[in-house]
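Asker: If you scroll down you'll find the structure; I have some questions about it.
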Amino acid sequence: MRVLATLAFSFAAGIGCAVLLPWDGWQFWAACALAVVSVCFAFFARKWRVYKRGLLILCAFSASLLYFCAYTRLVCADTVSLCPQTDAFSGTAVAYGSATEYGAKITLRLRPGVRAVLYGDESLLEAQPGQHISGTARWQDAGRIHETDVTTFTSRGVYVLLYQEGDLTVEQGEAGSILYAPQRIAKAVGELIRRIWRDESTAGFVLAELTGDKSGMADESLAVVSEVGLSHLFAVSGLHCAFLVSLVCLLFSRHRRLACAVSAVLLAIYALVVGLSASVVRACIMQLFLLIGPLLRRRSDGITSLSAALAVLLLCNPYAIGGVGLQLSFAATLGLVLFAPWLYERCRRIYRGKRRTVKYAVSFLAAQLCATLAAMVFTVPLTAYHFNVFILIAPLSNLLLVSAAAWNFIAAFLTVVLGCIWLPAAQIAGYVSYALVHYILAVAKLLGHIPYHALYFSNRYLKLWLPYVYLMAGGCALLRAKRRAVICAAALSVAALVLTVWINGAEYRAGSMTVTAVDVGQGECVVLTSGGETMVVDCGSSNSYIRAGEEAAAYLNGVGVSRISCLVLTHFHADHANGVSSLMSRMPVDALWIPDMEDEFGVRDRLTDLAEQNGTQVCAVRAVSRFTLGDAAVTVYPPVGAGDVNEQGLTILCSAGDFDTLITGDMSAATERQLIRKYELPDVEVLLVSHHGSKNSSAQEFLEAIRPDAALICVGNNAYGHPTEEAMMRLSASGAAIYRTDRHGNITVTAGRGTDDGKE
């Protein structure tokens, strides 16, 4: 490894420790200690080469810690010291505003190196990059959200969140200047794409692939693509830069040095237009290293260019190392640099014949497959940690679809350029991308229906299997195992994987009925299974950083459920229903049960339309309804309250023999009393506590009537104080064992196997 690579990776390792380790204040003293050790190494470095390399590592590590201390003090400290309080602010918009659930938001530059996200009313949608915005806001430290110091905000250089208080003052500032031309170009490209492709799915896909903006993609399309391991198509990075360079090389195939020069300029412009995210900056720096080599008649080195790109990014923002996109981008690239050539050489030798067509086909397939496998070497642990998933189908999906995505990128890029010249011609040319996009989505959907295409780490045995596989692989590499030993190790790993999946599914299906409160944050999602059939009650979360539909689908896939017999909504509030669309797009649902009432947000109409598209039967509950779920009997009670939507929700009783589970949605204590007066309810083993444990839930009379053995509270980060002390005291006094999803994660109770399987 070259000197630059050694310095850069050591610097990055120091920054990683400084940012990601949970302690505070140790960085400066550690840097001083390393400086002392470096002096000792400098004495021995005169004689032994290994000490010279060690000296480089120690010096770079120490410098990184000192740089982090200086950065936090000079760049972040003054701004963060204003949090939390309500104070005046003044900044320059660096992007266009975007809509949120409660209004709009926009990114501001408060001062060089410090950005803030301003949340306010819909007037922010009219703001333009370069305009000066000032006013009064409530300041919040963006690095102290949900008890973590590194968030997606800090990794993007955003250190403050501002919540608008009162009116805003907007001045023209530098709006319209050349400094903000990339943002204007990006917006114009998005508008042009929507004019070229009238089909929303094609326009959304093209916009996401070209610019990384996924706002135009339907939830169903995003779910389909992510389920089969193709999310990287929309994370603008090395893949997209490679597509762009390939296009230039096709146009200038006979002039290599000219192609390199044009590619370098085009990459710089492209990075500015799509936004200087960490992944695209990394990709552009690496590509520039590769392109400059031929211009200077020098060979390029993948490790050196990768390490240099990482060092540049961390110098600009040390907190960038905490971003998932940067971690995945570098992990994938490192795997490609280290393992892809080695794998490719061995796979290419499979065919030793002389037929040129077959040889080309084998080489092409080997290149695609080896690139995917090499990238997965380091990304699999990261996706397991951050997303709780191991996408088993990824090699096949990438083999079938990445080439199509590459051609779609090139075709769409040329079509957009043509659209700038003559729109009608571009609309005709756009049918190429239309066909490719629908091919990709159709194949991805088919692959997503394959059982166990993705495995989720809600399966606790899978958490043991993954390190086992890496230990086996590491042992084979260190011992330089022969081919037979490698094959044996691979077979054992596959057998262990099958066993973990089978055991997890068998445990879940044990007993006459299983009830699981899925952790979706401040919301509710309950899964009930009996006799091989599955029912889901509610699926929503009010925490914007949690996608309830994806969490529910992940849990169901993890226990081997591929079809939902019945999905019941107690009411239409977002924290109970906003994940239903995503869940229904990920797996088929036979029947959708909803309360027979209208809602002011149009949720009912959207869900019934989606159900009609998917062939799902819709049942509006007007009277007591009963049906079977495998070996269990389900009773759905119509609303017994009036007024607020919470009081007009459904109540669900699921009984398997003497084991009863009661789900009451968000009803208050008054409605709970009406429920026990109107209907005769049994003693229940499991109660899903209403309204996340609010002070007006869990009435004493109600608890005395149903006498629950276990009380499950679906709750997450919230500003309401849920679950409240009053509700907890009443539940405790009733003798119920209390479990909370914010503390225990997914909570599973199985009939005939005790009260709780604990945290999943």
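So you can find residues: chains in the structure tokens are A, B, ... in the order shown, residues in each start at 1, and ligands are numbered from 1 in order.
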List as an mmCIF file with C-alpha atoms, in the first residue's frame the protein and nucleic acid residues near Pro381 of chain A, meaning an atom at most 12 Å away when only C-alpha atoms are counted, but skip any in the same chain fewer than 2 places from it.
Answerer:
```cif
data_model
loop_
_atom_site.group_PDB
_atom_site.id
_atom_site.type_symbol
_atom_site.label_atom_id
_atom_site.label_comp_id
_atom_site.auth_asym_id
_atom_site.auth_seq_id
_atom_site.Cartn_x
_atom_site.Cartn_y
_atom_site.Cartn_z
ATOM 1 C CA GLN A 327 -20.119 3.833 4.581
ATOM 2 C CA LEU A 328 -21.887 1.680 2.003
ATOM 3 C CA ALA A 331 -17.399 -0.536 1.587
ATOM 4 C CA ALA A 332 -18.711 -1.554 -1.833
ATOM 5 C CA ALA A 375 -19.245 -5.411 -3.314
ATOM 6 C CA MET A 376 -21.236 -7.535 -0.851
ATOM 7 C CA VAL A 377 -18.143 -8.652 1.082
ATOM 8 C CA PHE A 378 -18.072 -5.469 3.156
ATOM 9 C CA THR A 379 -21.612 -4.131 2.602
ATOM 10 C CA THR A 383 -26.804 -3.466 5.748
ATOM 11 C CA ALA A 384 -27.352 -5.975 8.539
ATOM 12 C CA TYR A 385 -26.445 -3.346 11.141
ATOM 13 C CA HIS A 386 -28.236 -0.346 9.645
ATOM 14 C CA PHE A 387 -31.206 -1.960 7.886
ATOM 15 C CA ASN A 388 -31.549 -5.289 9.673
ATOM 16 C CA VAL A 389 -31.641 -7.213 6.388
ATOM 17 C CA PHE A 390 -29.593 -9.624 4.301
ATOM 18 C CA ILE A 391 -30.860 -9.615 0.708
ATOM 19 C CA PHE A 457 -32.302 -10.097 11.528
ATOM 20 C CA LEU A 462 -29.315 -15.186 11.727
ATOM 21 C CA LYS A 463 -27.310 -12.836 13.946
ATOM 22 C CA TRP A 465 -24.941 -17.165 11.360
ATOM 23 C CA LEU A 466 -23.428 -14.025 9.839
ATOM 24 C CA PRO A 467 -20.288 -13.865 12.033
ATOM 25 C CA VAL A 469 -19.737 -17.242 7.855
ATOM 26 C CA TYR A 470 -17.142 -14.477 8.085
#
```
Asker: Can you tell me which residues surround Trp342 of chain A at a distance of at most 12 Å, considering only C-alpha atoms, apart from same-chain residues fewer than 4 positions away, and format the answer as a PyMOL selection string?
Answerer: chain A and resi 335-338+346-349+366-367+370-371+373-374
Asker: What is the atom CA of Asp658 of chain A to atom CA of Trp593 of chain A distance in Å?
Answerer: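 Computing the Euclidean distance for atom CA of Asp658 of chain A and atom CA of Trp593 of chain A yields 24.8 Å.
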Asker: Identify, on the basis of only C-alpha atoms, every residue whose closest approach to Val689 of chain A does not exceed 8 Å; exclude the query and any residue fewer than 5 positions from it along the same chain; express the result as a list in words.
Answerer: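 The neighbour list is Ile663, Thr664, Gly665, Ser697, Ser698, Ala711, Leu712, Ile713 and Cys714 of chain A.
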Asker: Based on the selection just made, write N, CA, C and O atoms of those residues as a JSON list (two decimals), in the first residue's frame.
Answerer:
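File produced: result.json:
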```
[["chain", "number", "residue", "atom", "x", "y", "z"],
["A", 663, "ILE", "N", -57.46, -6.05, 21.19],
["A", 663, "ILE", "CA", -56.83, -4.87, 20.61],
["A", 663, "ILE", "C", -57.88, -3.77, 20.52],
["A", 663, "ILE", "O", -58.92, -3.96, 19.89],
["A", 664, "THR", "N", -57.60, -2.62, 21.13],
["A", 664, "THR", "CA", -58.61, -1.56, 21.23],
["A", 664, "THR", "C", -58.23, -0.27, 20.53],
["A", 664, "THR", "O", -58.91, 0.75, 20.72],
["A", 665, "GLY", "N", -57.18, -0.25, 19.75],
["A", 665, "GLY", "CA", -56.83, 0.94, 18.99],
["A", 665, "GLY", "C", -56.43, 2.11, 19.88],
["A", 665, "GLY", "O", -55.57, 1.98, 20.74],
["A", 697, "SER", "N", -56.35, 6.44, 28.95],
["A", 697, "SER", "CA", -56.60, 5.06, 28.52],
["A", 697, "SER", "C", -56.55, 4.13, 29.72],
["A", 697, "SER", "O", -56.23, 4.53, 30.83],
["A", 698, "SER", "N", -56.91, 2.87, 29.47],
["A", 698, "SER", "CA", -56.79, 1.80, 30.49],
["A", 698, "SER", "C", -57.55, 2.14, 31.77],
["A", 698, "SER", "O", -56.98, 2.24, 32.87],
["A", 711, "ALA", "N", -49.75, -6.91, 29.33],
["A", 711, "ALA", "CA", -50.15, -5.67, 28.65],
["A", 711, "ALA", "C", -49.00, -5.23, 27.76],
["A", 711, "ALA", "O", -47.89, -4.96, 28.25],
["A", 712, "LEU", "N", -49.27, -5.16, 26.46],
["A", 712, "LEU", "CA", -48.25, -4.75, 25.50],
["A", 712, "LEU", "C", -48.53, -3.31, 25.07],
["A", 712, "LEU", "O", -49.64, -2.99, 24.64],
["A", 713, "ILE", "N", -47.52, -2.44, 25.19],
["A", 713, "ILE", "CA", -47.68, -1.04, 24.83],
["A", 713, "ILE", "C", -46.84, -0.75, 23.59],
["A", 713, "ILE", "O", -45.62, -0.88, 23.61],
["A", 714, "CYS", "N", -47.50, -0.37, 22.50],
["A", 714, "CYS", "CA", -46.82, 0.03, 21.28],
["A", 714, "CYS", "C", -46.51, 1.53, 21.40],
["A", 714, "CYS", "O", -47.41, 2.36, 21.32]]
```
Asker: DSSP on the backbone: which residues in segment 542-706 of chain A end up as strand (DSSP E)? Give the answer as a ChimeraX atom specification.
Answerer: /A:564-568,589-595,617-621,625-629,632-637,651-656,659-663,686-688
Asker: Enumerate the residues of segment 250-395 of chain A with a DSSP assignment of alpha helix (DSSP H), computed from the backbone, and present them as a compact mmCIF listing (two decimals) with N, CA and C atoms, in the first residue's frame.
Answerer:
```txt
# COMPACT_ATOMS: atom_id res chain seq x y z
N LEU A 250 -18.11 5.74 -25.37
CA LEU A 250 -18.78 5.30 -26.60
C LEU A 250 -18.76 6.39 -27.66
N LEU A 251 -18.91 7.63 -27.23
CA LEU A 251 -18.94 8.74 -28.18
C LEU A 251 -17.55 9.09 -28.70
N ARG A 256 -8.92 8.35 -26.89
CA ARG A 256 -8.96 8.00 -25.47
C ARG A 256 -8.67 9.19 -24.57
N ARG A 257 -7.63 9.95 -24.89
CA ARG A 257 -7.25 11.06 -24.02
C ARG A 257 -8.31 12.17 -24.05
N LEU A 258 -8.92 12.39 -25.21
CA LEU A 258 -10.01 13.36 -25.30
C LEU A 258 -11.21 12.88 -24.48
N ALA A 259 -11.51 11.58 -24.53
CA ALA A 259 -12.61 11.01 -23.75
C ALA A 259 -12.36 11.21 -22.26
N CYS A 260 -11.11 11.04 -21.83
CA CYS A 260 -10.78 11.23 -20.41
C CYS A 260 -10.99 12.69 -20.00
N ALA A 261 -10.56 13.62 -20.84
CA ALA A 261 -10.71 15.04 -20.51
C ALA A 261 -12.18 15.44 -20.46
N VAL A 262 -12.96 15.00 -21.43
CA VAL A 262 -14.40 15.32 -21.46
C VAL A 262 -15.10 14.69 -20.26
N SER A 263 -14.74 13.45 -19.94
CA SER A 263 -15.37 12.77 -18.80
C SER A 263 -15.09 13.50 -17.50
N ALA A 264 -13.85 14.00 -17.34
CA ALA A 264 -13.49 14.70 -16.11
C ALA A 264 -14.34 15.96 -15.93
N VAL A 265 -14.50 16.72 -17.00
CA VAL A 265 -15.31 17.94 -16.92
C VAL A 265 -16.77 17.59 -16.67
N LEU A 266 -17.27 16.58 -17.38
CA LEU A 266 -18.67 16.20 -17.26
C LEU A 266 -18.97 15.67 -15.86
N LEU A 267 -18.05 14.91 -15.26
CA LEU A 267 -18.25 14.39 -13.91
C LEU A 267 -18.34 15.52 -12.89
N ALA A 268 -17.49 16.53 -13.04
CA ALA A 268 -17.52 17.67 -12.12
C ALA A 268 -18.87 18.38 -12.20
N ILE A 269 -19.36 18.60 -13.42
CA ILE A 269 -20.65 19.26 -13.59
C ILE A 269 -21.78 18.40 -13.02
N TYR A 270 -21.70 17.09 -13.29
CA TYR A 270 -22.73 16.16 -12.82
C TYR A 270 -22.80 16.14 -11.30
N ALA A 271 -21.64 16.12 -10.64
CA ALA A 271 -21.61 16.12 -9.18
C ALA A 271 -22.26 17.36 -8.60
N LEU A 272 -22.04 18.51 -9.23
CA LEU A 272 -22.64 19.75 -8.75
C LEU A 272 -24.15 19.74 -8.94
N VAL A 273 -24.60 19.20 -10.07
CA VAL A 273 -26.04 19.22 -10.37
C VAL A 273 -26.82 18.29 -9.46
N VAL A 274 -26.29 17.10 -9.21
CA VAL A 274 -27.04 16.13 -8.40
C VAL A 274 -26.84 16.37 -6.91
N ALA A 278 -21.86 12.61 -0.25
CA ALA A 278 -20.58 11.95 -0.01
C ALA A 278 -20.30 10.86 -1.03
N SER A 279 -21.32 10.09 -1.40
CA SER A 279 -21.10 8.98 -2.32
C SER A 279 -20.71 9.46 -3.71
N VAL A 280 -21.36 10.52 -4.20
CA VAL A 280 -21.03 11.00 -5.54
C VAL A 280 -19.69 11.72 -5.56
N VAL A 281 -19.35 12.43 -4.48
CA VAL A 281 -18.03 13.07 -4.41
C VAL A 281 -16.94 12.01 -4.41
N ARG A 282 -17.16 10.96 -3.60
CA ARG A 282 -16.19 9.86 -3.59
C ARG A 282 -16.02 9.26 -4.97
N ALA A 283 -17.13 9.01 -5.64
CA ALA A 283 -17.07 8.40 -6.96
C ALA A 283 -16.37 9.31 -7.97
N CYS A 284 -16.67 10.60 -7.91
CA CYS A 284 -16.06 11.52 -8.87
C CYS A 284 -14.55 11.65 -8.64
N ILE A 285 -14.14 11.71 -7.37
CA ILE A 285 -12.71 11.81 -7.08
C ILE A 285 -11.98 10.57 -7.60
N MET A 286 -12.57 9.40 -7.35
CA MET A 286 -11.92 8.17 -7.83
C MET A 286 -11.87 8.12 -9.34
N GLN A 287 -12.97 8.49 -9.98
CA GLN A 287 -12.99 8.49 -11.43
C GLN A 287 -11.98 9.48 -11.99
N LEU A 288 -11.84 10.63 -11.33
CA LEU A 288 -10.87 11.62 -11.79
C LEU A 288 -9.44 11.07 -11.68
N PHE A 289 -9.16 10.34 -10.61
CA PHE A 289 -7.85 9.69 -10.49
C PHE A 289 -7.62 8.73 -11.65
N LEU A 290 -8.66 7.95 -11.96
CA LEU A 290 -8.52 6.97 -13.04
C LEU A 290 -8.38 7.66 -14.40
N LEU A 291 -9.05 8.81 -14.56
CA LEU A 291 -9.02 9.50 -15.85
C LEU A 291 -7.74 10.31 -16.03
N ILE A 292 -7.23 10.87 -14.94
CA ILE A 292 -6.01 11.68 -15.04
C ILE A 292 -4.80 10.81 -15.36
N GLY A 293 -4.85 9.55 -14.93
CA GLY A 293 -3.74 8.66 -15.21
C GLY A 293 -3.35 8.61 -16.68
N PRO A 294 -4.28 8.29 -17.59
CA PRO A 294 -3.94 8.27 -19.02
C PRO A 294 -3.50 9.63 -19.54
N LEU A 295 -4.08 10.72 -19.01
CA LEU A 295 -3.68 12.05 -19.47
C LEU A 295 -2.23 12.34 -19.12
N GLY A 302 -6.27 1.83 -7.50
CA GLY A 302 -7.60 1.91 -6.90
C GLY A 302 -7.57 2.22 -5.43
N ILE A 303 -6.68 1.57 -4.67
CA ILE A 303 -6.61 1.80 -3.24
C ILE A 303 -6.21 3.24 -2.93
N THR A 304 -5.23 3.75 -3.68
CA THR A 304 -4.77 5.12 -3.44
C THR A 304 -5.88 6.13 -3.74
N SER A 305 -6.55 5.96 -4.85
CA SER A 305 -7.62 6.90 -5.21
C SER A 305 -8.78 6.82 -4.23
N LEU A 306 -9.09 5.61 -3.76
CA LEU A 306 -10.16 5.45 -2.78
C LEU A 306 -9.80 6.14 -1.47
N SER A 307 -8.58 5.92 -0.99
CA SER A 307 -8.16 6.53 0.26
C SER A 307 -8.09 8.05 0.15
N ALA A 308 -7.63 8.56 -1.00
CA ALA A 308 -7.57 10.01 -1.19
C ALA A 308 -8.96 10.63 -1.18
N ALA A 309 -9.90 9.96 -1.83
CA ALA A 309 -11.28 10.46 -1.84
C ALA A 309 -11.85 10.50 -0.42
N LEU A 310 -11.58 9.47 0.35
CA LEU A 310 -12.07 9.43 1.73
C LEU A 310 -11.47 10.56 2.56
N ALA A 311 -10.16 10.79 2.40
CA ALA A 311 -9.50 11.86 3.16
C ALA A 311 -10.07 13.22 2.82
N VAL A 312 -10.33 13.48 1.53
CA VAL A 312 -10.88 14.77 1.12
C VAL A 312 -12.26 14.99 1.74
N LEU A 313 -13.08 13.97 1.73
CA LEU A 313 -14.43 14.09 2.29
C LEU A 313 -14.39 14.37 3.80
N LEU A 314 -13.52 13.67 4.50
CA LEU A 314 -13.46 13.83 5.95
C LEU A 314 -12.82 15.15 6.35
N LEU A 315 -11.95 15.68 5.52
CA LEU A 315 -11.41 17.01 5.79
C LEU A 315 -12.51 18.06 5.68
N CYS A 316 -13.41 17.87 4.73
CA CYS A 316 -14.52 18.82 4.56
C CYS A 316 -15.54 18.69 5.69
N VAL A 324 -24.67 6.66 6.45
CA VAL A 324 -24.81 5.30 5.92
C VAL A 324 -24.41 5.24 4.45
N GLY A 325 -24.78 6.29 3.69
CA GLY A 325 -24.44 6.30 2.27
C GLY A 325 -22.95 6.26 2.03
N LEU A 326 -22.20 7.04 2.80
CA LEU A 326 -20.74 7.04 2.66
C LEU A 326 -20.16 5.69 3.05
N GLN A 327 -20.63 5.13 4.14
CA GLN A 327 -20.12 3.83 4.58
C GLN A 327 -20.36 2.75 3.54
N LEU A 328 -21.58 2.70 3.01
CA LEU A 328 -21.89 1.68 2.00
C LEU A 328 -21.11 1.91 0.72
N SER A 329 -20.97 3.17 0.33
CA SER A 329 -20.26 3.49 -0.90
C SER A 329 -18.80 3.06 -0.83
N PHE A 330 -18.15 3.39 0.27
CA PHE A 330 -16.75 3.01 0.41
C PHE A 330 -16.58 1.51 0.62
N ALA A 331 -17.49 0.91 1.36
CA ALA A 331 -17.40 -0.54 1.59
C ALA A 331 -17.54 -1.30 0.27
N ALA A 332 -18.51 -0.89 -0.54
CA ALA A 332 -18.71 -1.55 -1.83
C ALA A 332 -17.50 -1.36 -2.74
N THR A 333 -16.97 -0.15 -2.78
CA THR A 333 -15.82 0.14 -3.64
C THR A 333 -14.58 -0.60 -3.17
N LEU A 334 -14.38 -0.68 -1.86
CA LEU A 334 -13.24 -1.41 -1.33
C LEU A 334 -13.32 -2.89 -1.70
N GLY A 335 -14.52 -3.45 -1.61
CA GLY A 335 -14.69 -4.84 -2.02
C GLY A 335 -14.41 -5.04 -3.49
N LEU A 336 -14.86 -4.09 -4.32
CA LEU A 336 -14.60 -4.19 -5.76
C LEU A 336 -13.10 -4.11 -6.06
N VAL A 337 -12.42 -3.19 -5.39
CA VAL A 337 -10.98 -3.02 -5.65
C VAL A 337 -10.19 -4.24 -5.21
N LEU A 338 -10.53 -4.81 -4.04
CA LEU A 338 -9.73 -5.89 -3.48
C LEU A 338 -10.07 -7.26 -4.05
N PHE A 339 -11.35 -7.52 -4.31
CA PHE A 339 -11.76 -8.89 -4.61
C PHE A 339 -12.29 -9.12 -6.02
N ALA A 340 -12.84 -8.07 -6.65
CA ALA A 340 -13.46 -8.29 -7.97
C ALA A 340 -12.48 -8.86 -9.00
N PRO A 341 -11.26 -8.33 -9.16
CA PRO A 341 -10.34 -8.91 -10.15
C PRO A 341 -9.99 -10.36 -9.85
N TRP A 342 -9.77 -10.67 -8.57
CA TRP A 342 -9.42 -12.04 -8.17
C TRP A 342 -10.56 -13.01 -8.48
N LEU A 343 -11.79 -12.61 -8.14
CA LEU A 343 -12.95 -13.46 -8.42
C LEU A 343 -13.17 -13.62 -9.92
N TYR A 344 -13.00 -12.52 -10.63
CA TYR A 344 -13.26 -12.55 -12.07
C TYR A 344 -12.31 -13.51 -12.79
N GLU A 345 -11.06 -13.49 -12.43
CA GLU A 345 -10.09 -14.37 -13.08
C GLU A 345 -10.44 -15.83 -12.88
N ARG A 346 -10.94 -16.18 -11.70
CA ARG A 346 -11.29 -17.58 -11.43
C ARG A 346 -12.60 -17.98 -12.08
N CYS A 347 -13.55 -17.07 -12.14
CA CYS A 347 -14.83 -17.41 -12.80
C CYS A 347 -14.67 -17.46 -14.32
N ARG A 348 -13.82 -16.62 -14.86
CA ARG A 348 -13.62 -16.58 -16.31
C ARG A 348 -13.01 -17.87 -16.84
N ARG A 356 -15.86 -18.06 -29.49
CA ARG A 356 -15.74 -16.67 -29.06
C ARG A 356 -17.04 -16.16 -28.44
N THR A 357 -18.18 -16.56 -29.00
CA THR A 357 -19.46 -16.08 -28.47
C THR A 357 -19.69 -16.56 -27.04
N VAL A 358 -19.41 -17.85 -26.82
CA VAL A 358 -19.57 -18.40 -25.48
C VAL A 358 -18.59 -17.76 -24.51
N LYS A 359 -17.37 -17.54 -24.97
CA LYS A 359 -16.35 -16.94 -24.12
C LYS A 359 -16.77 -15.52 -23.69
N TYR A 360 -17.31 -14.75 -24.64
CA TYR A 360 -17.78 -13.41 -24.32
C TYR A 360 -18.94 -13.45 -23.32
N ALA A 361 -19.86 -14.40 -23.54
CA ALA A 361 -21.01 -14.52 -22.64
C ALA A 361 -20.57 -14.87 -21.22
N VAL A 362 -19.62 -15.84 -21.13
CA VAL A 362 -19.13 -16.24 -19.81
C VAL A 362 -18.41 -15.07 -19.14
N SER A 363 -17.61 -14.33 -19.90
CA SER A 363 -16.88 -13.19 -19.35
C SER A 363 -17.84 -12.11 -18.86
N PHE A 364 -18.89 -11.86 -19.64
CA PHE A 364 -19.87 -10.85 -19.25
C PHE A 364 -20.59 -11.25 -17.96
N LEU A 365 -21.07 -12.50 -17.91
CA LEU A 365 -21.77 -12.96 -16.71
C LEU A 365 -20.85 -12.99 -15.50
N ALA A 366 -19.61 -13.41 -15.73
CA ALA A 366 -18.64 -13.45 -14.63
C ALA A 366 -18.36 -12.06 -14.09
N ALA A 367 -18.23 -11.09 -14.99
CA ALA A 367 -17.95 -9.72 -14.55
C ALA A 367 -19.11 -9.17 -13.71
N GLN A 368 -20.35 -9.40 -14.16
CA GLN A 368 -21.51 -8.91 -13.42
C GLN A 368 -21.62 -9.57 -12.05
N LEU A 369 -21.50 -10.90 -12.04
CA LEU A 369 -21.67 -11.64 -10.79
C LEU A 369 -20.55 -11.35 -9.80
N CYS A 370 -19.33 -11.31 -10.30
CA CYS A 370 -18.19 -11.07 -9.41
C CYS A 370 -18.21 -9.66 -8.82
N ALA A 371 -18.64 -8.70 -9.61
CA ALA A 371 -18.75 -7.34 -9.09
C ALA A 371 -19.74 -7.27 -7.94
N THR A 372 -20.88 -7.95 -8.09
CA THR A 372 -21.88 -7.95 -7.03
C THR A 372 -21.37 -8.64 -5.78
N LEU A 373 -20.76 -9.82 -5.95
CA LEU A 373 -20.27 -10.57 -4.80
C LEU A 373 -19.14 -9.82 -4.09
N ALA A 374 -18.26 -9.19 -4.87
CA ALA A 374 -17.16 -8.44 -4.27
C ALA A 374 -17.68 -7.25 -3.47
N ALA A 375 -18.66 -6.55 -4.03
CA ALA A 375 -19.25 -5.41 -3.31
C ALA A 375 -19.94 -5.85 -2.03
N MET A 376 -20.50 -7.05 -2.02
CA MET A 376 -21.24 -7.54 -0.85
C MET A 376 -20.33 -7.95 0.30
N VAL A 377 -19.05 -8.18 0.03
CA VAL A 377 -18.14 -8.65 1.08
C VAL A 377 -18.17 -7.73 2.29
N PHE A 378 -18.10 -6.43 2.05
CA PHE A 378 -18.07 -5.47 3.16
C PHE A 378 -19.41 -4.78 3.39
N THR A 379 -20.33 -4.82 2.42
CA THR A 379 -21.61 -4.13 2.60
C THR A 379 -22.63 -4.97 3.37
N VAL A 380 -22.51 -6.29 3.33
CA VAL A 380 -23.49 -7.14 4.02
C VAL A 380 -23.52 -6.85 5.53
N PRO A 381 -22.37 -6.76 6.23
CA PRO A 381 -22.44 -6.42 7.66
C PRO A 381 -23.05 -5.04 7.91
N LEU A 382 -22.79 -4.09 7.00
CA LEU A 382 -23.34 -2.75 7.19
C LEU A 382 -24.86 -2.74 6.99
N THR A 383 -25.35 -3.42 5.96
CA THR A 383 -26.80 -3.47 5.75
C THR A 383 -27.48 -4.24 6.87
N ALA A 384 -26.79 -5.24 7.40
CA ALA A 384 -27.35 -5.97 8.54
C ALA A 384 -27.47 -5.06 9.75
N TYR A 385 -26.45 -4.23 9.98
CA TYR A 385 -26.44 -3.35 11.14
C TYR A 385 -27.44 -2.19 10.99
N HIS A 386 -27.42 -1.55 9.83
CA HIS A 386 -28.24 -0.35 9.65
C HIS A 386 -29.68 -0.66 9.25
N PHE A 387 -29.87 -1.70 8.43
CA PHE A 387 -31.21 -1.96 7.89
C PHE A 387 -31.79 -3.29 8.33
N ALA A 394 -29.87 -10.65 -4.03
CA ALA A 394 -29.13 -9.53 -4.64
C ALA A 394 -28.22 -9.94 -5.79
N PRO A 395 -27.43 -11.02 -5.69
CA PRO A 395 -26.58 -11.38 -6.83
C PRO A 395 -27.38 -11.64 -8.10
```
